[in-house]
Amino acid sequence: MTEWVADEDTVVVGFGERVRALSSTIVGGGLRELTHVVFHRVDPDFESDPAKYARGLLERLALPKDGTAVFLTAVDVVKERVELHVDYPAGITLVGSVGLGPTVCIGGGGHKRGVGTINLLLFVEKHLTDNALVDLAGVVWGAKALALVDLGLSKGFNLGRVYATATDALVVASATDGEVEIYGGPATPIGAEAAGLVYEAILSSGLKGLSEGERFRNVFGVDLGWVADTASELYLKAPIPGLSREEVRREVEEEVRGLLKDPNVWALALAARDLDWHGLAGALPGLDREEYLGDSHKILADELLGIALALYVNGWKGLFAYYWIDSTKEGLGEFEDKPMFMDDILASLVGSVLSRLYDRHRGSG
């Protein structure tokens, strides 16, 4: 297998001979023989007919239409594609491009068209039967979903974990001669190694590609600006002479950005987010989905997480400020749609950060 850069937007992978492949690409899809796979970057606002566009691309590249699969993505496939390889139990090569949008989750309803997408080519240097190709495709989708879950991606408070992007595509290919493998599932050496490659590719690309603001929004469910706006609004209930709301807003955002360098803050927030996902799914033992959605009084762990974060950020002053926010948040629209556990993390973050601000401007004595 070889690859070359055809132009600044295109990478071509050539197999040197026909290989057997199972493909979900719009051109070159199905169970068929392939000689080439193309990764091509399109504009983020791409609106053309993708099949027609891909066939035109193959004409320009002088590649066979009946033997080439085409991936389209907004990712820079020349500079940002990922390539991984293992030699045992077979030569397995993964080439892919990882874009994280638009994402989808269970129960999320319809989804807008998008071209961020996760495109993966997995080539095995053994002869896989059709059954093994299907097995291996299932392994790839499962490993991809797990990697996205571990990235902590979310589409919103009342929706579950992200398991895919709306336009993901996959090519699983194998040699057509040599030793025959009739299985490619997770219990096989090939399946196990392939799962590891897919997981590593998506997780590493995702961690590198997500900005601090995107990671904050996925875990906390709000933007940094929401925290600054909410804190500065609450500050007006107990203002310090000479300190404007805009100054408070700016300082709060700086404080939060500083806290986000601390993995302990992320750990408490991720714990809350994960508990909200379990609660939403009805998978929190002893608490059904209706009780969770009703903010059941059976649960105290949400407040315990809020207490832990407040004490960590600013000790007893942070704790008292959290209690202050928690006791007044019911009258604030900002907190109305927040889920059970993250509601308390956000109240704790706002309160404890405000308490540090009061310390700084009023003295810590």
# chains A, B, ... in the order shown; residues from 1 in each chain; ligands from 1
call {"tool": "closest_atom_pairs", "arguments": {"of": "range 25-120 of chain A", "to": "range 258-280 of chain A", "cutoff": "12 Å", "atoms": "only C-alpha atoms", "output": "CSV"}}
result
residue,atom,partner,partner_atom,distance
A:Cys105,CA,A:Trp277,CA,11.6
A:Ile106,CA,A:Leu280,CA,11.3
A:Gly107,CA,A:Leu280,CA,11.1
call {"tool": "write_last_selection", "arguments": {"atoms": "N, CA and C atoms", "output": "PDB file, in the first residue's frame"}}
result
ATOM      1  N   CYS A 105     -26.081  11.889  18.761  1.00  0.00           N
ATOM      2  CA  CYS A 105     -26.233  11.088  19.963  1.00  0.00           C
ATOM      3  C   CYS A 105     -27.588  10.383  19.918  1.00  0.00           C
ATOM      4  N   ILE A 106     -27.751   9.399  20.773  1.00  0.00           N
ATOM      5  CA  ILE A 106     -29.016   8.670  20.833  1.00  0.00           C
ATOM      6  C   ILE A 106     -30.126   9.632  21.243  1.00  0.00           C
ATOM      7  N   GLY A 107     -31.228   9.601  20.497  1.00  0.00           N
ATOM      8  CA  GLY A 107     -32.367  10.452  20.837  1.00  0.00           C
ATOM      9  C   GLY A 107     -32.203  11.889  20.432  1.00  0.00           C
TER      10      GLY A 107
END
call {"tool": "closest_atom_pairs", "arguments": {"of": "range 19-110 of chain A", "to": "range 117-127 of chain A", "cutoff": "10 Å", "atoms": "only C-alpha atoms", "output": "JSON lines"}}
result
{"residue": "A:Val19", "atom": "CA", "partner": "A:His127", "partner_atom": "CA", "distance": 9.0}
{"residue": "A:Arg20", "atom": "CA", "partner": "A:His127", "partner_atom": "CA", "distance": 8.3}
{"residue": "A:Ala21", "atom": "CA", "partner": "A:Phe123", "partner_atom": "CA", "distance": 8.7}
{"residue": "A:Ser23", "atom": "CA", "partner": "A:Leu121", "partner_atom": "CA", "distance": 9.0}
{"residue": "A:Ser24", "atom": "CA", "partner": "A:Asn119", "partner_atom": "CA", "distance": 9.9}
{"residue": "A:Thr25", "atom": "CA", "partner": "A:Asn119", "partner_atom": "CA", "distance": 9.0}
{"residue": "A:Val37", "atom": "CA", "partner": "A:Leu121", "partner_atom": "CA", "distance": 8.1}
{"residue": "A:Val38", "atom": "CA", "partner": "A:Leu121", "partner_atom": "CA", "distance": 9.8}
{"residue": "A:Phe39", "atom": "CA", "partner": "A:Asn119", "partner_atom": "CA", "distance": 8.3}
{"residue": "A:Ala69", "atom": "CA", "partner": "A:Leu121", "partner_atom": "CA", "distance": 9.9}
{"residue": "A:Val70", "atom": "CA", "partner": "A:Asn119", "partner_atom": "CA", "distance": 9.8}
{"residue": "A:Phe71", "atom": "CA", "partner": "A:Asn119", "partner_atom": "CA", "distance": 6.5}
{"residue": "A:Leu72", "atom": "CA", "partner": "A:Asn119", "partner_atom": "CA", "distance": 8.1}
{"residue": "A:Thr73", "atom": "CA", "partner": "A:Thr117", "partner_atom": "CA", "distance": 6.1}
{"residue": "A:Ala74", "atom": "CA", "partner": "A:Thr117", "partner_atom": "CA", "distance": 7.7}
{"residue": "A:Val75", "atom": "CA", "partner": "A:Thr117", "partner_atom": "CA", "distance": 8.2}
{"residue": "A:Arg81", "atom": "CA", "partner": "A:Asn119", "partner_atom": "CA", "distance": 9.6}
{"residue": "A:Val82", "atom": "CA", "partner": "A:Leu120", "partner_atom": "CA", "distance": 9.3}
{"residue": "A:Glu83", "atom": "CA", "partner": "A:Leu121", "partner_atom": "CA", "distance": 9.6}
{"residue": "A:Leu84", "atom": "CA", "partner": "A:Leu122", "partner_atom": "CA", "distance": 9.6}
{"residue": "A:His85", "atom": "CA", "partner": "A:Phe123", "partner_atom": "CA", "distance": 9.5}
{"residue": "A:Val86", "atom": "CA", "partner": "A:Val124", "partner_atom": "CA", "distance": 9.8}
{"residue": "A:Asp87", "atom": "CA", "partner": "A:Glu125", "partner_atom": "CA", "distance": 9.2}
{"residue": "A:Pro89", "atom": "CA", "partner": "A:Lys126", "partner_atom": "CA", "distance": 9.7}
{"residue": "A:Ala90", "atom": "CA", "partner": "A:Glu125", "partner_atom": "CA", "distance": 6.1}
{"residue": "A:Gly91", "atom": "CA", "partner": "A:Glu125", "partner_atom": "CA", "distance": 5.1}
{"residue": "A:Ile92", "atom": "CA", "partner": "A:Val124", "partner_atom": "CA", "distance": 4.6}
{"residue": "A:Thr93", "atom": "CA", "partner": "A:Phe123", "partner_atom": "CA", "distance": 5.2}
{"residue": "A:Leu94", "atom": "CA", "partner": "A:Leu122", "partner_atom": "CA", "distance": 4.6}
{"residue": "A:Val95", "atom": "CA", "partner": "A:Leu121", "partner_atom": "CA", "distance": 5.2}
{"residue": "A:Gly96", "atom": "CA", "partner": "A:Leu120", "partner_atom": "CA", "distance": 4.4}
{"residue": "A:Ser97", "atom": "CA", "partner": "A:Asn119", "partner_atom": "CA", "distance": 5.3}
{"residue": "A:Val98", "atom": "CA", "partner": "A:Ile118", "partner_atom": "CA", "distance": 4.5}
{"residue": "A:Gly99", "atom": "CA", "partner": "A:Thr117", "partner_atom": "CA", "distance": 4.7}
{"residue": "A:Leu100", "atom": "CA", "partner": "A:Thr117", "partner_atom": "CA", "distance": 6.1}
{"residue": "A:Gly101", "atom": "CA", "partner": "A:Thr117", "partner_atom": "CA", "distance": 6.0}
{"residue": "A:Pro102", "atom": "CA", "partner": "A:Thr117", "partner_atom": "CA", "distance": 7.3}
{"residue": "A:Thr103", "atom": "CA", "partner": "A:Thr117", "partner_atom": "CA", "distance": 8.4}
call {"tool": "residues_around", "arguments": {"residues": "range 5-15 of chain A", "least_positions_apart": "6", "cutoff": "9 Å", "atoms": "only C-alpha atoms", "output": "ChimeraX atom specification"}}
result
/A:34-42,61,76-78,95
call {"tool": "write_last_selection", "arguments": {"atoms": "N, CA and C atoms", "output": "PDB file, in the first residue's frame"}}
result
ATOM      1  N   LEU A  34     -11.388  -2.766  -4.727  1.00  0.00           N
ATOM      2  CA  LEU A  34     -10.869  -1.409  -4.880  1.00  0.00           C
ATOM      3  C   LEU A  34      -9.392  -1.448  -5.265  1.00  0.00           C
ATOM      4  N   THR A  35      -8.983  -0.407  -5.969  1.00  0.00           N
ATOM      5  CA  THR A  35      -7.552  -0.211  -6.243  1.00  0.00           C
ATOM      6  C   THR A  35      -7.016   1.036  -5.555  1.00  0.00           C
ATOM      7  N   HIS A  36      -7.918   1.997  -5.261  1.00  0.00           N
ATOM      8  CA  HIS A  36      -7.501   3.266  -4.665  1.00  0.00           C
ATOM      9  C   HIS A  36      -8.546   3.763  -3.662  1.00  0.00           C
ATOM     10  N   VAL A  37      -8.073   4.591  -2.741  1.00  0.00           N
ATOM     11  CA  VAL A  37      -8.949   5.338  -1.827  1.00  0.00           C
ATOM     12  C   VAL A  37      -8.453   6.781  -1.828  1.00  0.00           C
ATOM     13  N   VAL A  38      -9.381   7.723  -1.932  1.00  0.00           N
ATOM     14  CA  VAL A  38      -9.032   9.144  -1.981  1.00  0.00           C
ATOM     15  C   VAL A  38      -9.577   9.857  -0.758  1.00  0.00           C
ATOM     16  N   PHE A  39      -8.721  10.651  -0.119  1.00  0.00           N
ATOM     17  CA  PHE A  39      -9.137  11.580   0.935  1.00  0.00           C
ATOM     18  C   PHE A  39      -9.070  12.982   0.333  1.00  0.00           C
ATOM     19  N   HIS A  40     -10.187  13.707   0.379  1.00  0.00           N
ATOM     20  CA  HIS A  40     -10.216  15.021  -0.269  1.00  0.00           C
ATOM     21  C   HIS A  40     -10.890  16.044   0.645  1.00  0.00           C
ATOM     22  N   ARG A  41     -10.261  17.213   0.746  1.00  0.00           N
ATOM     23  CA  ARG A  41     -10.814  18.301   1.566  1.00  0.00           C
ATOM     24  C   ARG A  41     -11.740  19.174   0.730  1.00  0.00           C
ATOM     25  N   VAL A  42     -12.914  19.477   1.311  1.00  0.00           N
ATOM     26  CA  VAL A  42     -13.856  20.419   0.709  1.00  0.00           C
ATOM     27  C   VAL A  42     -14.067  21.576   1.677  1.00  0.00           C
ATOM     28  N   LEU A  61      -8.518  13.316 -11.391  1.00  0.00           N
ATOM     29  CA  LEU A  61      -7.349  12.578 -10.917  1.00  0.00           C
ATOM     30  C   LEU A  61      -7.009  11.391 -11.814  1.00  0.00           C
ATOM     31  N   ASP A  76      -8.128  19.171   6.926  1.00  0.00           N
ATOM     32  CA  ASP A  76      -6.965  19.271   6.045  1.00  0.00           C
ATOM     33  C   ASP A  76      -6.315  17.889   5.959  1.00  0.00           C
ATOM     34  N   VAL A  77      -6.620  17.149   4.902  1.00  0.00           N
ATOM     35  CA  VAL A  77      -6.178  15.761   4.813  1.00  0.00           C
ATOM     36  C   VAL A  77      -4.679  15.638   4.544  1.00  0.00           C
ATOM     37  N   VAL A  78      -4.072  16.697   4.055  1.00  0.00           N
ATOM     38  CA  VAL A  78      -2.626  16.655   3.795  1.00  0.00           C
ATOM     39  C   VAL A  78      -1.843  16.827   5.094  1.00  0.00           C
ATOM     40  N   VAL A  95      -5.410   4.718   8.005  1.00  0.00           N
ATOM     41  CA  VAL A  95      -5.242   6.087   7.519  1.00  0.00           C
ATOM     42  C   VAL A  95      -6.589   6.768   7.706  1.00  0.00           C
TER      43      VAL A  95
END
call {"tool": "select_by_dssp", "arguments": {"residues": "range 44-253 of chain A", "states": "strand (DSSP E)", "output": "number ranges by chain"}}
result
A: 68-73, 82-86, 92-98, 103-105, 118-128, 162-165, 169-175, 180-181
call {"tool": "write_last_selection", "arguments": {"atoms": "C-alpha atoms", "output": "PDB file, in the first residue's frame"}}
result
ATOM      1  CA  THR A  68     -11.938   3.957  -6.068  1.00  0.00           C
ATOM      2  CA  ALA A  69     -13.597   4.987  -2.808  1.00  0.00           C
ATOM      3  CA  VAL A  70     -13.772   8.712  -2.037  1.00  0.00           C
ATOM      4  CA  PHE A  71     -13.818  10.363   1.393  1.00  0.00           C
ATOM      5  CA  LEU A  72     -14.913  14.019   1.562  1.00  0.00           C
ATOM      6  CA  THR A  73     -14.193  16.121   4.644  1.00  0.00           C
ATOM      7  CA  VAL A  82      -3.553  10.315  10.989  1.00  0.00           C
ATOM      8  CA  GLU A  83      -1.590   7.192  10.056  1.00  0.00           C
ATOM      9  CA  LEU A  84      -0.966   4.200  12.332  1.00  0.00           C
ATOM     10  CA  HIS A  85       0.414   0.716  11.672  1.00  0.00           C
ATOM     11  CA  VAL A  86       1.036  -2.572  13.480  1.00  0.00           C
ATOM     12  CA  ILE A  92      -2.697  -3.528   9.737  1.00  0.00           C
ATOM     13  CA  THR A  93      -2.621   0.074   8.536  1.00  0.00           C
ATOM     14  CA  LEU A  94      -5.042   2.826   9.464  1.00  0.00           C
ATOM     15  CA  VAL A  95      -5.242   6.087   7.519  1.00  0.00           C
ATOM     16  CA  GLY A  96      -7.867   8.584   8.572  1.00  0.00           C
ATOM     17  CA  SER A  97      -9.101  12.118   8.970  1.00  0.00           C
ATOM     18  CA  VAL A  98     -10.895  13.112  12.170  1.00  0.00           C
ATOM     19  CA  THR A 103     -21.996  15.179  16.169  1.00  0.00           C
ATOM     20  CA  VAL A 104     -24.909  12.834  16.876  1.00  0.00           C
ATOM     21  CA  CYS A 105     -26.233  11.088  19.963  1.00  0.00           C
ATOM     22  CA  ILE A 118     -14.579  10.904  10.754  1.00  0.00           C
ATOM     23  CA  ASN A 119     -13.192   9.056   7.723  1.00  0.00           C
ATOM     24  CA  LEU A 120     -11.250   5.840   8.307  1.00  0.00           C
ATOM     25  CA  LEU A 121      -9.448   3.423   5.993  1.00  0.00           C
ATOM     26  CA  LEU A 122      -8.333   0.183   7.634  1.00  0.00           C
ATOM     27  CA  PHE A 123      -6.245  -2.198   5.514  1.00  0.00           C
ATOM     28  CA  VAL A 124      -5.291  -5.717   6.629  1.00  0.00           C
ATOM     29  CA  GLU A 125      -2.511  -7.588   4.855  1.00  0.00           C
ATOM     30  CA  LYS A 126      -4.334 -10.903   5.123  1.00  0.00           C
ATOM     31  CA  HIS A 127      -7.188 -12.357   3.127  1.00  0.00           C
ATOM     32  CA  LEU A 128     -10.375 -11.626   5.062  1.00  0.00           C
ATOM     33  CA  VAL A 162     -21.908  11.611  21.302  1.00  0.00           C
ATOM     34  CA  TYR A 163     -21.221   8.317  19.500  1.00  0.00           C
ATOM     35  CA  ALA A 164     -20.535   9.486  15.918  1.00  0.00           C
ATOM     36  CA  THR A 165     -20.552  12.414  13.541  1.00  0.00           C
ATOM     37  CA  ALA A 169     -17.518   6.928   6.506  1.00  0.00           C
ATOM     38  CA  LEU A 170     -15.415   3.779   6.586  1.00  0.00           C
ATOM     39  CA  VAL A 171     -13.444   1.514   4.267  1.00  0.00           C
ATOM     40  CA  VAL A 172     -12.271  -1.844   5.607  1.00  0.00           C
ATOM     41  CA  ALA A 173     -10.061  -3.620   3.076  1.00  0.00           C
ATOM     42  CA  SER A 174      -7.933  -6.748   2.902  1.00  0.00           C
ATOM     43  CA  ALA A 175      -5.581  -8.583   0.569  1.00  0.00           C
ATOM     44  CA  VAL A 180      -7.500 -16.669   4.946  1.00  0.00           C
ATOM     45  CA  GLU A 181      -9.115 -15.238   8.076  1.00  0.00           C
TER      46      GLU A 181
END
call {"tool": "select_by_dssp", "arguments": {"residues": "range 244-317 of chain A", "states": "helix (DSSP H, G or I)", "output": "PyMOL selection string"}}
result
chain A and resi 245-259+263-281+289-293+301-317
call {"tool": "closest_residue", "arguments": {"among": "A:Leu346, A:Leu203, A:Leu236, A:Val353", "to": "Glu255 in chain A", "atoms": "only C-alpha atoms"}}
result
A:Val353
call {"tool": "closest_residue", "arguments": {"among": "A:Leu58, A:Ala308, A:Ala201, A:Leu293", "to": "Leu146 in chain A", "atoms": "only C-alpha atoms"}}
result
A:Ala201
call {"tool": "residues_around", "arguments": {"residues": "Gly184 in chain A", "least_positions_apart": "5", "cutoff": "7 Å", "atoms": "only C-alpha atoms", "output": "list in words"}}
result
Ala132, Leu133, Asp135, Leu136, Ile190 and Gly191 of chain A
call {"tool": "write_last_selection", "arguments": {"atoms": "C-alpha atoms", "output": "mmCIF file, in the first residue's frame"}}
result
data_model
loop_
_atom_site.group_PDB
_atom_site.id
_atom_site.type_symbol
_atom_site.label_atom_id
_atom_site.label_comp_id
_atom_site.auth_asym_id
_atom_site.auth_seq_id
_atom_site.Cartn_x
_atom_site.Cartn_y
_atom_site.Cartn_z
ATOM 1 C CA ALA A 132 -14.585 -11.093 8.562
ATOM 2 C CA LEU A 133 -14.843 -7.713 6.826
ATOM 3 C CA ASP A 135 -16.969 -8.296 11.743
ATOM 4 C CA LEU A 136 -14.098 -5.846 11.487
ATOM 5 C CA ILE A 190 -6.815 -8.717 14.177
ATOM 6 C CA GLY A 191 -10.005 -7.215 15.614
#
call {"tool": "closest_residue", "arguments": {"among": "A:Val248, A:Leu234, A:Ile307, A:Val139", "to": "Leu197 in chain A", "atoms": "only C-alpha atoms"}}
result
A:Val139
call {"tool": "atom_distance", "arguments": {"atom1": "CA of Leu207 in chain A", "atom2": "CA of Glu80 in chain A"}}
result
13.1 Å
call {"tool": "atom_distance", "arguments": {"atom1": "CA of Asp295 in chain A", "atom2": "CA of Pro339 in chain A"}}
result
8.1 Å
call {"tool": "residues_around", "arguments": {"residues": "Lys317 in chain A", "least_positions_apart": "3", "cutoff": "9 Å", "atoms": "only C-alpha atoms", "output": "list in words"}}
result
Ala310, Leu311, Asn314, Phe320, Ala321, Tyr322, Ser352, Ser355, Arg356 and Asp359 of chain A
call {"tool": "write_last_selection", "arguments": {"atoms": "C-alpha atoms", "output": "short mmCIF file (atom, residue, chain, number, x, y, z; two decimals), in the first residue's frame"}}
result
data_model
loop_
_atom_site.label_atom_id
_atom_site.label_comp_id
_atom_site.auth_asym_id
_atom_site.auth_seq_id
_atom_site.Cartn_x
_atom_site.Cartn_y
_atom_site.Cartn_z
CA ALA A 310 -16.08 25.02 46.38
CA LEU A 311 -13.80 23.95 49.24
CA ASN A 314 -11.47 28.75 47.98
CA PHE A 320 -20.40 29.80 51.81
CA ALA A 321 -20.49 31.53 48.42
CA TYR A 322 -21.69 28.27 46.84
CA SER A 352 -16.24 30.05 44.66
CA SER A 355 -15.47 34.58 46.61
CA ARG A 356 -11.89 34.75 45.37
CA ASP A 359 -11.00 38.30 48.70
#
call {"tool": "atom_distance", "arguments": {"atom1": "CA of Gly67 in chain A", "atom2": "CA of Lys144 in chain A"}}
result
26.0 Å
